[in-house]
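Shown below: my_file.txt, with compact mmCIF, C-alpha atoms.
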```txt
# COMPACT_ATOMS: atom_id res chain seq x y z
CA MET H 2 18.36 45.64 18.08
CA ALA H 3 17.78 49.34 17.64
CA VAL H 4 17.01 52.56 19.45
CA PHE H 5 14.82 55.02 17.56
CA GLU H 6 15.68 58.69 17.74
CA CYS H 7 14.19 61.91 16.44
CA ALA H 8 15.33 62.54 12.87
CA GLY H 9 15.32 66.27 13.53
CA CYS H 10 17.34 66.66 16.72
CA GLY H 11 18.69 63.19 17.56
CA ALA H 12 16.87 62.79 20.89
CA GLU H 13 16.25 59.16 21.91
CA LEU H 14 12.57 58.24 21.64
CA THR H 15 12.57 54.55 22.60
CA ALA H 16 14.22 51.94 24.75
CA ARG H 17 16.44 49.28 23.10
CA LEU H 18 14.15 47.19 20.90
CA THR H 19 14.31 43.94 18.92
CA GLU H 20 12.45 43.65 15.61
CA VAL H 21 9.70 41.02 15.34
CA PRO H 22 7.04 40.34 12.65
CA LEU H 23 4.07 42.70 12.59
CA PRO H 24 1.20 41.03 14.50
CA GLY H 25 -1.77 40.10 12.36
CA HIS H 26 -4.07 41.91 14.79
CA ALA H 27 -2.16 45.21 14.52
CA HIS H 28 -5.13 47.05 12.97
CA GLN H 29 -7.89 44.89 14.42
CA ARG H 30 -11.02 46.55 15.82
CA TYR H 31 -12.41 44.38 18.61
CA ARG H 32 -15.89 45.05 19.98
CA HIS H 33 -16.07 47.81 22.63
CA ASP H 34 -13.29 46.46 24.83
CA LEU H 35 -10.29 48.27 26.25
CA LEU H 36 -7.46 46.16 24.84
CA PRO H 37 -3.92 45.66 26.18
CA ALA H 38 -0.67 46.60 24.45
CA LEU H 39 -0.20 45.34 20.89
CA MET H 40 3.56 44.73 21.24
CA GLU H 41 5.53 42.83 23.84
CA PRO H 42 7.91 45.04 25.87
CA GLY H 43 11.29 45.38 24.20
CA THR H 44 10.06 44.70 20.66
CA TYR H 45 9.11 46.66 17.57
CA ALA H 46 7.58 45.84 14.17
CA VAL H 47 7.36 47.65 10.84
CA ASP H 48 4.14 47.95 8.82
CA PRO H 49 5.00 47.89 5.09
CA LYS H 50 1.56 49.18 4.07
CA PRO H 51 0.40 52.82 4.05
CA TRP H 52 -1.29 53.77 7.32
CA GLY H 53 -3.23 56.73 8.64
CA PRO H 54 -4.56 59.94 7.07
CA PRO H 55 -5.11 61.26 4.49
CA TRP H 56 -7.78 58.85 3.27
CA ARG H 57 -9.37 58.72 -0.21
CA LYS H 58 -12.64 56.97 -1.04
CA TRP H 59 -12.73 54.07 -3.51
CA ASP H 60 -14.93 55.96 -6.01
CA GLU H 61 -12.38 58.76 -6.09
CA VAL H 62 -9.37 56.45 -6.48
CA GLY H 63 -10.68 53.90 -8.98
CA GLU H 64 -9.64 50.30 -9.64
CA GLU H 65 -6.47 51.04 -11.60
CA GLU H 66 -4.90 53.36 -9.04
CA ALA H 67 -6.04 51.14 -6.16
CA ALA H 68 -4.38 48.10 -7.78
CA ALA H 69 -1.16 50.09 -8.17
CA ARG H 70 -1.31 50.59 -4.39
CA GLY H 71 -1.84 46.88 -3.77
CA VAL H 72 -5.64 46.86 -3.25
CA TYR H 73 -7.55 44.70 -5.72
CA ALA H 74 -11.18 44.80 -4.51
CA PRO H 75 -13.47 47.63 -3.42
CA VAL H 76 -12.95 49.10 0.05
CA TYR H 77 -14.56 52.15 1.63
CA SER H 78 -11.34 54.15 1.58
CA LEU H 79 -7.60 53.81 1.04
CA SER H 80 -4.88 55.24 3.22
CA TYR H 81 -2.53 57.69 1.51
CA GLY H 82 -0.40 57.95 4.61
CA ALA H 83 3.24 56.98 4.85
CA GLU H 84 4.58 53.43 4.54
CA GLY H 85 6.94 51.88 7.08
CA TRP H 86 5.38 52.99 10.39
CA VAL H 87 7.20 51.47 13.37
CA VAL H 88 5.01 50.19 16.21
CA ILE H 89 6.18 49.80 19.80
CA ALA H 90 4.62 49.14 23.20
CA PRO H 91 3.58 52.41 24.89
CA GLY H 92 5.90 51.69 27.82
CA ASP H 93 8.93 51.61 25.51
CA GLY H 94 8.53 55.23 24.44
CA ARG H 95 10.94 57.89 25.74
CA GLY H 96 11.16 61.67 25.48
CA MET H 97 7.76 62.31 23.85
CA ARG H 98 4.82 64.48 24.91
CA LEU H 99 1.18 64.60 23.82
CA ILE H 100 0.03 67.28 21.36
CA PRO H 101 -3.16 68.67 23.02
CA GLU H 102 -4.96 69.71 19.82
CA ARG H 103 -4.63 66.19 18.34
CA LEU H 104 -6.20 64.07 21.07
CA ASP H 105 -9.51 63.16 19.43
CA GLY H 106 -10.88 59.65 19.74
CA TYR H 107 -14.05 57.66 19.41
CA CYS H 108 -14.78 56.84 23.02
CA TYR H 109 -12.34 56.12 25.85
CA GLY H 110 -9.07 57.42 24.43
CA VAL H 111 -7.18 58.71 21.38
CA ASP H 112 -7.18 57.05 17.96
CA GLY H 113 -4.86 59.18 15.83
CA ARG H 114 -7.53 60.47 13.49
CA GLU H 115 -5.85 63.90 13.34
CA GLY H 116 -2.41 62.49 12.57
CA PRO H 117 0.63 62.17 14.86
CA ASN H 118 -0.29 63.19 18.42
CA LEU H 119 3.11 62.77 20.13
CA ALA H 120 5.92 65.30 19.77
CA CYS H 121 9.61 65.08 20.57
CA GLU H 122 10.12 66.80 23.93
CA ARG H 123 13.42 68.33 22.82
CA CYS H 124 12.48 69.96 19.50
CA GLY H 125 8.67 69.81 19.47
CA GLU H 126 8.33 68.08 16.09
CA PRO H 127 5.49 65.49 15.70
CA VAL H 128 7.09 62.04 15.73
CA ALA H 129 4.49 59.39 16.65
CA THR H 130 0.84 58.48 17.16
CA ARG H 131 -0.47 57.12 20.45
CA ILE H 132 -3.44 54.74 20.16
CA ASP H 133 -5.44 53.75 23.26
CA ASP H 134 -9.11 54.09 22.31
CA CYS H 135 -11.61 51.31 22.90
CA ALA H 136 -11.68 48.47 20.35
CA LYS H 137 -8.04 49.13 19.39
CA TRP H 138 -4.79 47.59 20.64
CA GLN H 139 -2.73 50.06 22.63
CA ALA H 140 0.39 51.12 20.77
CA VAL H 141 2.72 53.93 19.80
CA TRP H 142 3.31 54.22 16.05
CA LEU H 143 6.53 56.05 15.13
CA GLN H 144 6.20 58.19 12.01
CA PRO H 145 8.72 56.82 9.46
CA GLU H 146 10.01 60.13 8.12
CA ALA H 147 10.29 61.61 11.64
CA VAL H 148 12.50 58.95 13.25
CA ARG H 149 15.61 56.94 12.46
CA ALA H 150 16.90 53.64 13.82
CA VAL H 151 20.29 53.49 15.53
CA PRO H 152 21.70 49.92 15.78
CA SER H 153 22.20 48.53 19.27
CA ALA H 154 23.49 45.27 20.77
CA GLU H 155 21.23 42.28 20.04
CA ARG H 156 19.38 40.29 22.67
CA PRO H 157 17.08 37.29 22.17
CA VAL H 158 13.30 37.66 22.32
CA GLU H 159 11.35 34.90 24.03
CA GLU H 160 8.31 33.64 22.16
CA THR H 161 5.08 34.34 24.03
CA ASP H 162 2.57 31.50 24.21
CA ILE H 163 -0.88 32.43 22.88
CA PRO H 164 -3.58 29.97 24.04
CA PRO H 165 -6.87 30.17 22.12
CA VAL H 166 -8.89 30.85 25.28
CA THR H 167 -8.21 33.67 27.75
CA ALA H 168 -8.09 33.27 31.53
CA GLU H 169 -11.66 34.64 31.60
CA GLY H 170 -12.86 31.81 29.36
CA ARG H 171 -13.29 33.87 26.17
CA TRP H 172 -11.85 33.30 22.73
CA ASP H 173 -8.64 35.33 22.47
CA PRO H 174 -9.11 38.21 19.96
CA ARG H 175 -5.60 37.54 18.60
CA TRP H 176 -6.82 34.10 17.52
CA GLU H 177 -9.87 35.62 15.87
CA ALA H 178 -7.54 37.97 13.96
CA GLU H 179 -4.98 35.38 12.84
CA VAL H 180 -7.63 32.83 11.86
CA GLY H 181 -9.42 35.51 9.82
CA ILE H 182 -6.19 36.20 7.94
CA ALA H 183 -5.33 32.50 7.51
CA LEU H 184 -8.88 31.81 6.35
CA ALA H 185 -8.46 34.31 3.50
CA HIS H 186 -5.30 32.54 2.34
CA LEU H 187 -6.97 29.11 2.57
CA VAL H 188 -10.01 30.22 0.57
CA ALA H 189 -7.84 31.87 -2.09
CA ALA H 190 -5.67 28.74 -2.40
CA SER H 191 -8.70 26.45 -2.68
CA ASP H 192 -9.49 27.51 -6.29
CA GLY H 193 -13.12 27.39 -5.25
CA ALA H 194 -13.08 23.73 -4.20
CA SER H 195 -14.22 22.31 -0.87
CA LEU H 196 -11.75 22.04 2.01
CA THR H 197 -11.82 20.07 5.24
CA VAL H 198 -9.64 20.24 8.34
CA PRO H 199 -8.51 17.76 11.04
CA SER H 200 -10.64 17.28 14.14
CA GLY H 201 -10.06 19.11 17.40
CA LEU H 202 -9.25 22.82 17.59
CA TRP H 203 -8.70 22.90 13.80
CA GLU H 204 -12.35 21.99 13.35
CA LYS H 205 -13.53 24.48 15.95
CA VAL H 206 -11.90 27.55 14.42
CA PHE H 207 -11.83 26.83 10.66
CA ALA H 208 -14.48 24.28 9.67
CA PRO H 209 -17.71 26.33 10.13
CA ALA H 210 -16.39 29.25 8.07
CA LEU H 211 -15.04 27.01 5.31
CA ALA H 212 -18.42 25.26 5.09
CA VAL H 213 -20.14 28.62 4.57
CA LEU H 214 -17.64 30.11 2.14
CA LEU H 215 -16.82 27.16 -0.13
CA PRO H 216 -19.05 24.76 -2.09
CA THR H 217 -19.83 21.20 -1.08
CA GLY H 218 -18.09 18.31 -2.81
CA GLU H 219 -15.13 15.99 -2.36
CA PRO H 220 -12.94 18.03 0.00
CA ARG H 221 -9.18 18.37 0.18
CA MET H 222 -7.64 18.03 3.64
CA VAL H 223 -5.87 21.13 4.95
CA SER H 224 -2.50 20.65 6.66
CA VAL H 225 -0.27 22.77 8.89
CA ASP H 226 1.80 23.71 5.82
CA ASP H 227 -1.30 25.36 4.32
CA VAL H 228 -1.79 27.74 7.25
CA SER H 229 0.30 30.85 7.84
CA MET H 230 -0.06 31.60 11.54
CA PRO H 231 2.42 32.44 14.33
CA PRO H 232 4.20 29.32 15.63
CA ALA H 233 2.84 30.09 19.11
CA MET H 234 -0.64 29.41 17.69
CA VAL H 235 0.05 26.63 15.18
CA ARG H 236 1.19 24.24 17.90
CA TRP H 237 -2.19 24.61 19.63
CA LEU H 238 -4.01 23.43 16.51
CA GLY H 239 -2.65 19.92 17.04
CA LEU H 240 -3.84 19.68 20.65
CA PRO H 241 -7.21 18.37 21.87
CA LEU H 242 -10.07 20.80 22.36
CA VAL H 243 -9.68 22.99 25.44
CA LYS H 244 -12.56 21.30 27.25
CA ASP H 245 -10.79 17.92 26.91
CA ARG H 246 -7.57 19.08 28.57
CA ASP H 247 -6.51 19.18 32.24
CA GLU H 248 -8.60 20.73 35.00
CA ASP H 249 -6.31 23.77 35.34
CA THR H 250 -7.18 24.95 31.82
CA PRO H 251 -10.09 27.45 31.61
CA PRO H 252 -13.23 25.87 30.12
CA GLY H 253 -13.87 26.57 26.44
CA PRO H 254 -16.26 29.44 25.61
CA TRP H 255 -19.89 28.47 25.29
CA PHE H 256 -20.25 30.61 22.13
CA PRO H 257 -18.90 29.65 18.67
CA PHE H 258 -15.53 30.85 17.45
CA GLU H 259 -15.82 33.83 15.09
CA PRO H 260 -12.92 34.64 12.72
CA ASP H 261 -12.30 38.35 12.30
CA VAL H 262 -14.31 39.18 9.18
CA GLY H 263 -12.73 42.61 8.76
CA LEU H 264 -9.23 41.14 8.56
CA PHE H 265 -10.49 38.33 6.32
CA LEU H 266 -11.76 40.94 3.86
CA ASP H 267 -8.72 43.19 4.19
CA THR H 268 -6.41 40.26 3.44
CA LEU H 269 -8.40 39.33 0.33
CA THR H 270 -8.29 42.91 -0.95
CA ARG H 271 -4.49 42.69 -1.12
CA MET H 272 -4.46 39.48 -3.18
CA PRO H 273 -4.51 39.87 -6.99
CA ALA H 274 -6.45 36.58 -7.06
CA VAL H 275 -9.52 38.38 -5.66
CA ARG H 276 -10.12 39.65 -9.21
CA GLU H 277 -11.02 36.08 -10.23
CA PRO H 278 -14.85 35.92 -10.53
CA TRP H 279 -15.31 33.03 -8.08
CA LEU H 280 -13.21 34.69 -5.35
CA ARG H 281 -14.66 38.14 -6.00
CA GLU H 282 -18.13 36.61 -5.49
CA ILE H 283 -17.07 35.35 -2.05
CA TYR H 284 -15.54 38.73 -1.19
CA ASP H 285 -18.64 40.65 -2.29
CA ARG H 286 -20.96 38.24 -0.47
CA VAL H 287 -19.11 38.52 2.83
CA ARG H 288 -18.59 42.28 2.52
CA ALA H 289 -22.30 42.85 1.91
CA THR H 290 -23.26 40.95 5.06
CA ARG H 291 -20.15 41.38 7.23
CA TYR H 292 -22.14 42.28 10.36
CA ARG H 293 -24.20 39.11 10.09
CA VAL H 294 -22.03 36.59 8.32
CA VAL H 295 -20.02 35.63 11.41
CA ARG H 296 -23.23 34.37 12.99
CA ARG H 297 -23.74 32.14 9.97
CA PHE H 298 -20.34 30.48 10.50
CA CYS H 299 -21.91 28.32 13.21
CA LEU H 300 -24.84 27.19 11.02
CA PRO H 301 -24.95 24.43 8.40
CA LYS H 302 -24.35 25.79 4.89
CA ARG H 303 -27.93 25.11 3.75
CA GLU H 304 -29.25 27.40 6.51
CA TRP H 305 -27.11 30.38 5.49
CA ASN H 306 -29.07 33.10 3.70
CA PRO H 307 -27.30 36.40 2.94
CA GLU H 308 -30.67 38.19 2.84
CA ALA H 309 -31.74 36.99 6.31
```
Could you rewrite the structure in this file as structure tokens?
Amino acid sequence: MAVFECAGCGAELTARLTEVPLPGHAHQRYRHDLLPALMEPGTYAVDPKPWGPPWRKWDEVGEEEAAARGVYAPVYSLSYGAEGWVVIAPGDGRGMRLIPERLDGYCYGVDGREGPNLACERCGEPVATRIDDCAKWQAVWLQPEAVRAVPSAERPVEETDIPPVTAEGRWDPRWEAEVGIALAHLVAASDGASLTVPSGLWEKVFAPALAVLLPTGEPRMVSVDDVSMPPAMVRWLGLPLVKDRDEDTPPGPWFPFEPDVGLFLDTLTRMPAVREPWLREIYDRVRATRYRVVRRFCLPKREWNPEA
């Protein structure tokens, strides 16, 4: 466990926190919804990738410099912000105040576009970025060079169950995020060959997208070992479809499951394998039609037309 304090004056900025893996949906943009907190209370995670401003466009950076920064396919822009941001639940912050001139956002809240918008109450130095705008998970991101971790006594963290369907009967956006990420790894590992998945929830969340992205032919069966997802989700893949379970379970959504295409693409950009012609073709095809391709995931492959 750790408590994070201001690197400048030593003031405590957080409660006692236990480190957990960075959620796959940490940078997910989800529709126009007001989303809950990204992190469970009492936990923190570290993002190893650069995050936040300044940003540089792909044409300015070029392929060689982008590859040196771990990006292997074209993106609109690359972050040249710091690496190692620490994310916590907003309720676990202590001793910080908002910076009034840095509270811009897209719609309902702040999104950190102007850089850190929280200052240490004691010394006034910027130390973190509060995110609570629509379409983004609510979080406080501690600026790596502005804070330091002080070890504290450990305590166990209970794993939170993550059913695929919310209490309102909608697909959980965390599932859409993690399946989008896992889908990128599956496609990259396929070497361009056809894949199939077991029946049940597996088929519901993976099969339509795999049918669109990969060619037809004798398929290889995907197993649990092939999928990198949180254990709280993997166990659900082996259960019957939601509609076949007990009466207390919310009915399954009437609309098809849609993997997060943005995270699918972002995951591919950080794989050197995306420079292989067959995988780059898939990346380019999805990127060119990203606002329509998810709708094609519920259609037979022969009906999918990128120009439609």
- Compare H:Phe256, H:Arg221, H:Asp226, H:His33 by their minimum atom-to-atom distance to Arg171 of chain H, counting all atoms listed in the file, and give me the closest one.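 Of the candidates, the smallest distance to Arg171 of chain H is held by H:Phe256.
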- Quick one: of H:Pro209, H:Gly125, H:Gly218, H:Gly82, who's nearest to Arg98 of chain H, counting all atoms listed in the file?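 Among the listed residues, the smallest separation from Arg98 of chain H belongs to H:Gly125.
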- Selected residue, from H:Leu104, H:Ile163, H:Leu39, H:Val87, that lies nearest to Ala233 of chain H when counting all atoms listed in the file: H:Ile163
- Item | Among the residues H:Cys124, H:Pro145, H:Asp173, H:Phe5, the one that comes closest to Pro49 of chain H [using only C-alpha atoms] | H:Pro145
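Each of H:Tyr31, H:Trp255, H:Trp172, H:Phe207 was compared to Leu238 of chain H using all atoms listed in the file, and H:Phe207 turns out to be the nearest.
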- Residues within 6 Å of Arg103 of chain H, only C-alpha atoms, excluding chain neighbours under 2 positions, as a list of chain:residue names: H:Ile100, H:Pro101, H:Asp105, H:Glu115, H:Asn118
- Query: So how many Å separate atom CA of Val287 of chain H and atom CA of Pro22 of chain H, to one decimal?
  - Reply: 28.0 Å
- Task: Counting all atoms listed in the file, find the residues whose atoms lie at most 10 Å from (-17.1, 15.4, 0.0) (file coordinates) and write them out as a list in words.
- Result: Ser195, Leu196, Thr197, Pro216, Thr217, Gly218, Glu219, Pro220 and Arg221 of chain H
- Item | Interatomic distance, atom CA of Tyr73 of chain H to atom CA of Ala140 of chain H (Å, one decimal) |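 Distance between the two atoms: 28.4 Å.
Shortest atom-to-atom contact with Val225 of chain H among H:Lys205, H:His26, H:Val198, H:Leu266: H:Val198, counting all atoms listed in the file.
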- Query: What does the distance between atom CA of Val206 of chain H and atom CA of Thr268 of chain H come to in Å, to one decimal place?
  - Reply: 17.7 Å
- Task: List the neighbours of Ala8 of chain H out to 7 Å using all atoms listed in the file; skip same-chain residues closer than 4 positions along the sequence, and give me the result as a list of chain:residue names.
- Result: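 Using all atoms listed in the file, the neighbours found are H:Ala147, H:Val148, H:Arg149.
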- Up to 12 Å from (-6.2, 25.9, -1.0) in the file's coordinates: name the residues, counting all atoms listed in the file, as a list of chain:residue names. H:Ala183, H:Leu184, H:Ala185, H:His186, H:Leu187, H:Val188, H:Ala189, H:Ala190, H:Ser191, H:Asp192, H:Gly193, H:Ala194, H:Ser195, H:Leu196, H:Thr197, H:Val198, H:Leu211, H:Leu215, H:Pro220, H:Arg221, H:Met222, H:Val223, H:Ser224, H:Val225, H:Asp226, H:Asp227, H:Val228
Contacts of Glu179 of chain H within 8 Å, only C-alpha atoms, excl. fewer than 2 positions in-chain, as an mmCIF file with C-alpha atoms, in the coordinates of the input:
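New file around_14.cif:
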```
data_model
loop_
_atom_site.group_PDB
_atom_site.id
_atom_site.type_symbol
_atom_site.label_atom_id
_atom_site.label_comp_id
_atom_site.auth_asym_id
_atom_site.auth_seq_id
_atom_site.Cartn_x
_atom_site.Cartn_y
_atom_site.Cartn_z
ATOM 1 C CA GLY H 25 -1.770 40.100 12.360
ATOM 2 C CA HIS H 26 -4.070 41.910 14.790
ATOM 3 C CA ARG H 175 -5.600 37.540 18.600
ATOM 4 C CA TRP H 176 -6.820 34.100 17.520
ATOM 5 C CA GLU H 177 -9.870 35.620 15.870
ATOM 6 C CA GLY H 181 -9.420 35.510 9.820
ATOM 7 C CA ILE H 182 -6.190 36.200 7.940
ATOM 8 C CA ALA H 183 -5.330 32.500 7.510
ATOM 9 C CA MET H 230 -0.060 31.600 11.540
ATOM 10 C CA PRO H 260 -12.920 34.640 12.720
ATOM 11 C CA ASP H 261 -12.300 38.350 12.300
#
```
- Message: When you look at Glu64 of chain H with a cut-off of 8 Å (counting only C-alpha atoms), what residues show up, excluding the ones that are within fewer than 3 positions of it in the same chain? I need them as number ranges by chain.
- Response: H: 59, 67-68, 73-75
For segment 49-60 of chain H of the block above, can you save all heavy atoms as a PDB file, in the first residue's frame?
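Dumped to part-v1.pdb:
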```pdb
ATOM      1  N   PRO H  49       1.705   3.188 -17.759  1.00  0.00           N
ATOM      2  CA  PRO H  49       3.096   3.272 -18.225  1.00  0.00           C
ATOM      3  C   PRO H  49       3.270   4.121 -19.483  1.00  0.00           C
ATOM      4  O   PRO H  49       4.391   4.507 -19.816  1.00  0.00           O
ATOM      5  CB  PRO H  49       3.454   1.808 -18.501  1.00  0.00           C
ATOM      6  CG  PRO H  49       2.141   1.169 -18.855  1.00  0.00           C
ATOM      7  CD  PRO H  49       1.106   1.864 -18.012  1.00  0.00           C
ATOM      8  N   LYS H  50       2.173   4.423 -20.173  1.00  0.00           N
ATOM      9  CA  LYS H  50       2.268   5.155 -21.435  1.00  0.00           C
ATOM     10  C   LYS H  50       2.200   6.669 -21.185  1.00  0.00           C
ATOM     11  O   LYS H  50       1.632   7.131 -20.189  1.00  0.00           O
ATOM     12  CB  LYS H  50       1.130   4.739 -22.378  1.00  0.00           C
ATOM     13  CG  LYS H  50       1.110   3.260 -22.731  1.00  0.00           C
ATOM     14  CD  LYS H  50       0.100   2.962 -23.809  1.00  0.00           C
ATOM     15  CE  LYS H  50      -1.334   3.251 -23.392  1.00  0.00           C
ATOM     16  NZ  LYS H  50      -1.814   2.371 -22.310  1.00  0.00           N
ATOM     17  N   PRO H  51       2.752   7.463 -22.119  1.00  0.00           N
ATOM     18  CA  PRO H  51       2.588   8.918 -22.023  1.00  0.00           C
ATOM     19  C   PRO H  51       1.110   9.279 -22.048  1.00  0.00           C
ATOM     20  O   PRO H  51       0.307   8.611 -22.721  1.00  0.00           O
ATOM     21  CB  PRO H  51       3.309   9.442 -23.268  1.00  0.00           C
ATOM     22  CG  PRO H  51       4.220   8.343 -23.685  1.00  0.00           C
ATOM     23  CD  PRO H  51       3.544   7.066 -23.299  1.00  0.00           C
ATOM     24  N   TRP H  52       0.743  10.326 -21.338  1.00  0.00           N
ATOM     25  CA  TRP H  52      -0.663  10.734 -21.270  1.00  0.00           C
ATOM     26  C   TRP H  52      -0.756  12.241 -21.137  1.00  0.00           C
ATOM     27  O   TRP H  52       0.034  12.879 -20.452  1.00  0.00           O
ATOM     28  CB  TRP H  52      -1.346  10.068 -20.065  1.00  0.00           C
ATOM     29  CG  TRP H  52      -2.812  10.361 -19.957  1.00  0.00           C
ATOM     30  CD1 TRP H  52      -3.817   9.797 -20.686  1.00  0.00           C
ATOM     31  CD2 TRP H  52      -3.435  11.300 -19.077  1.00  0.00           C
ATOM     32  NE1 TRP H  52      -5.034  10.321 -20.302  1.00  0.00           N
ATOM     33  CE2 TRP H  52      -4.822  11.242 -19.329  1.00  0.00           C
ATOM     34  CE3 TRP H  52      -2.946  12.171 -18.102  1.00  0.00           C
ATOM     35  CZ2 TRP H  52      -5.743  12.040 -18.633  1.00  0.00           C
ATOM     36  CZ3 TRP H  52      -3.856  12.973 -17.418  1.00  0.00           C
ATOM     37  CH2 TRP H  52      -5.231  12.898 -17.675  1.00  0.00           C
ATOM     38  N   GLY H  53      -1.720  12.811 -21.852  1.00  0.00           N
ATOM     39  CA  GLY H  53      -2.007  14.232 -21.721  1.00  0.00           C
ATOM     40  C   GLY H  53      -1.187  15.115 -22.640  1.00  0.00           C
ATOM     41  O   GLY H  53      -0.344  14.651 -23.412  1.00  0.00           O
ATOM     42  N   PRO H  54      -1.436  16.447 -22.578  1.00  0.00           N
ATOM     43  CA  PRO H  54      -0.702  17.385 -23.423  1.00  0.00           C
ATOM     44  C   PRO H  54       0.765  17.479 -23.000  1.00  0.00           C
ATOM     45  O   PRO H  54       1.090  17.137 -21.861  1.00  0.00           O
ATOM     46  CB  PRO H  54      -1.447  18.711 -23.167  1.00  0.00           C
ATOM     47  CG  PRO H  54      -2.060  18.564 -21.808  1.00  0.00           C
ATOM     48  CD  PRO H  54      -2.394  17.110 -21.680  1.00  0.00           C
ATOM     49  N   PRO H  55       1.629  17.919 -23.928  1.00  0.00           N
ATOM     50  CA  PRO H  55       1.350  18.375 -25.301  1.00  0.00           C
ATOM     51  C   PRO H  55       1.141  17.201 -26.263  1.00  0.00           C
ATOM     52  O   PRO H  55       1.614  16.092 -26.010  1.00  0.00           O
ATOM     53  CB  PRO H  55       2.611  19.153 -25.661  1.00  0.00           C
ATOM     54  CG  PRO H  55       3.697  18.487 -24.863  1.00  0.00           C
ATOM     55  CD  PRO H  55       3.056  18.087 -23.572  1.00  0.00           C
ATOM     56  N   TRP H  56       0.415  17.493 -27.352  1.00  0.00           N
ATOM     57  CA  TRP H  56       0.139  16.499 -28.380  1.00  0.00           C
ATOM     58  C   TRP H  56       0.813  16.920 -29.679  1.00  0.00           C
ATOM     59  O   TRP H  56       0.897  18.104 -29.990  1.00  0.00           O
ATOM     60  CB  TRP H  56      -1.368  16.380 -28.621  1.00  0.00           C
ATOM     61  CG  TRP H  56      -2.129  15.940 -27.410  1.00  0.00           C
ATOM     62  CD1 TRP H  56      -2.606  16.737 -26.405  1.00  0.00           C
ATOM     63  CD2 TRP H  56      -2.479  14.603 -27.062  1.00  0.00           C
ATOM     64  NE1 TRP H  56      -3.240  15.979 -25.455  1.00  0.00           N
ATOM     65  CE2 TRP H  56      -3.177  14.676 -25.827  1.00  0.00           C
ATOM     66  CE3 TRP H  56      -2.277  13.373 -27.655  1.00  0.00           C
ATOM     67  CZ2 TRP H  56      -3.668  13.550 -25.195  1.00  0.00           C
ATOM     68  CZ3 TRP H  56      -2.769  12.243 -27.033  1.00  0.00           C
ATOM     69  CH2 TRP H  56      -3.464  12.325 -25.812  1.00  0.00           C
ATOM     70  N   ARG H  57       1.300  15.929 -30.455  1.00  0.00           N
ATOM     71  CA  ARG H  57       1.900  16.208 -31.760  1.00  0.00           C
ATOM     72  C   ARG H  57       1.238  15.322 -32.814  1.00  0.00           C
ATOM     73  O   ARG H  57       1.018  14.129 -32.584  1.00  0.00           O
ATOM     74  CB  ARG H  57       3.410  15.944 -31.722  1.00  0.00           C
ATOM     75  CG  ARG H  57       4.178  16.902 -30.820  1.00  0.00           C
ATOM     76  CD  ARG H  57       5.655  16.586 -30.802  1.00  0.00           C
ATOM     77  NE  ARG H  57       6.261  16.722 -32.137  1.00  0.00           N
ATOM     78  CZ  ARG H  57       7.503  16.350 -32.427  1.00  0.00           C
ATOM     79  NH1 ARG H  57       8.267  15.807 -31.491  1.00  0.00           N
ATOM     80  NH2 ARG H  57       7.969  16.497 -33.647  1.00  0.00           N
ATOM     81  N   LYS H  58       0.906  15.900 -33.946  1.00  0.00           N
ATOM     82  CA  LYS H  58       0.226  15.163 -35.002  1.00  0.00           C
ATOM     83  C   LYS H  58       1.164  14.162 -35.668  1.00  0.00           C
ATOM     84  O   LYS H  58       2.382  14.351 -35.701  1.00  0.00           O
ATOM     85  CB  LYS H  58      -0.350  16.126 -36.037  1.00  0.00           C
ATOM     86  CG  LYS H  58      -1.490  16.980 -35.487  1.00  0.00           C
ATOM     87  CD  LYS H  58      -2.117  17.845 -36.567  1.00  0.00           C
ATOM     88  CE  LYS H  58      -3.281  18.640 -36.010  1.00  0.00           C
ATOM     89  NZ  LYS H  58      -3.914  19.498 -37.055  1.00  0.00           N
ATOM     90  N   TRP H  59       0.558  13.096 -36.231  1.00  0.00           N
ATOM     91  CA  TRP H  59       1.327  12.018 -36.855  1.00  0.00           C
ATOM     92  C   TRP H  59       2.228  12.547 -37.966  1.00  0.00           C
ATOM     93  O   TRP H  59       3.397  12.153 -38.063  1.00  0.00           O
ATOM     94  CB  TRP H  59       0.362  10.972 -37.401  1.00  0.00           C
ATOM     95  CG  TRP H  59       1.037   9.871 -38.161  1.00  0.00           C
ATOM     96  CD1 TRP H  59       1.237   9.795 -39.515  1.00  0.00           C
ATOM     97  CD2 TRP H  59       1.624   8.679 -37.614  1.00  0.00           C
ATOM     98  NE1 TRP H  59       1.908   8.636 -39.845  1.00  0.00           N
ATOM     99  CE2 TRP H  59       2.158   7.937 -38.699  1.00  0.00           C
ATOM    100  CE3 TRP H  59       1.756   8.184 -36.330  1.00  0.00           C
ATOM    101  CZ2 TRP H  59       2.797   6.722 -38.521  1.00  0.00           C
ATOM    102  CZ3 TRP H  59       2.401   6.967 -36.145  1.00  0.00           C
ATOM    103  CH2 TRP H  59       2.916   6.245 -37.228  1.00  0.00           C
ATOM    104  N   ASP H  60       1.724  13.438 -38.807  1.00  0.00           N
ATOM    105  CA  ASP H  60       2.522  13.957 -39.923  1.00  0.00           C
ATOM    106  C   ASP H  60       3.744  14.710 -39.431  1.00  0.00           C
ATOM    107  O   ASP H  60       4.779  14.749 -40.112  1.00  0.00           O
ATOM    108  CB  ASP H  60       1.665  14.880 -40.796  1.00  0.00           C
ATOM    109  CG  ASP H  60       0.586  14.121 -41.549  1.00  0.00           C
ATOM    110  OD1 ASP H  60       0.717  12.888 -41.659  1.00  0.00           O
ATOM    111  OD2 ASP H  60      -0.383  14.753 -41.999  1.00  0.00           O
TER     112      ASP H  60
END
```
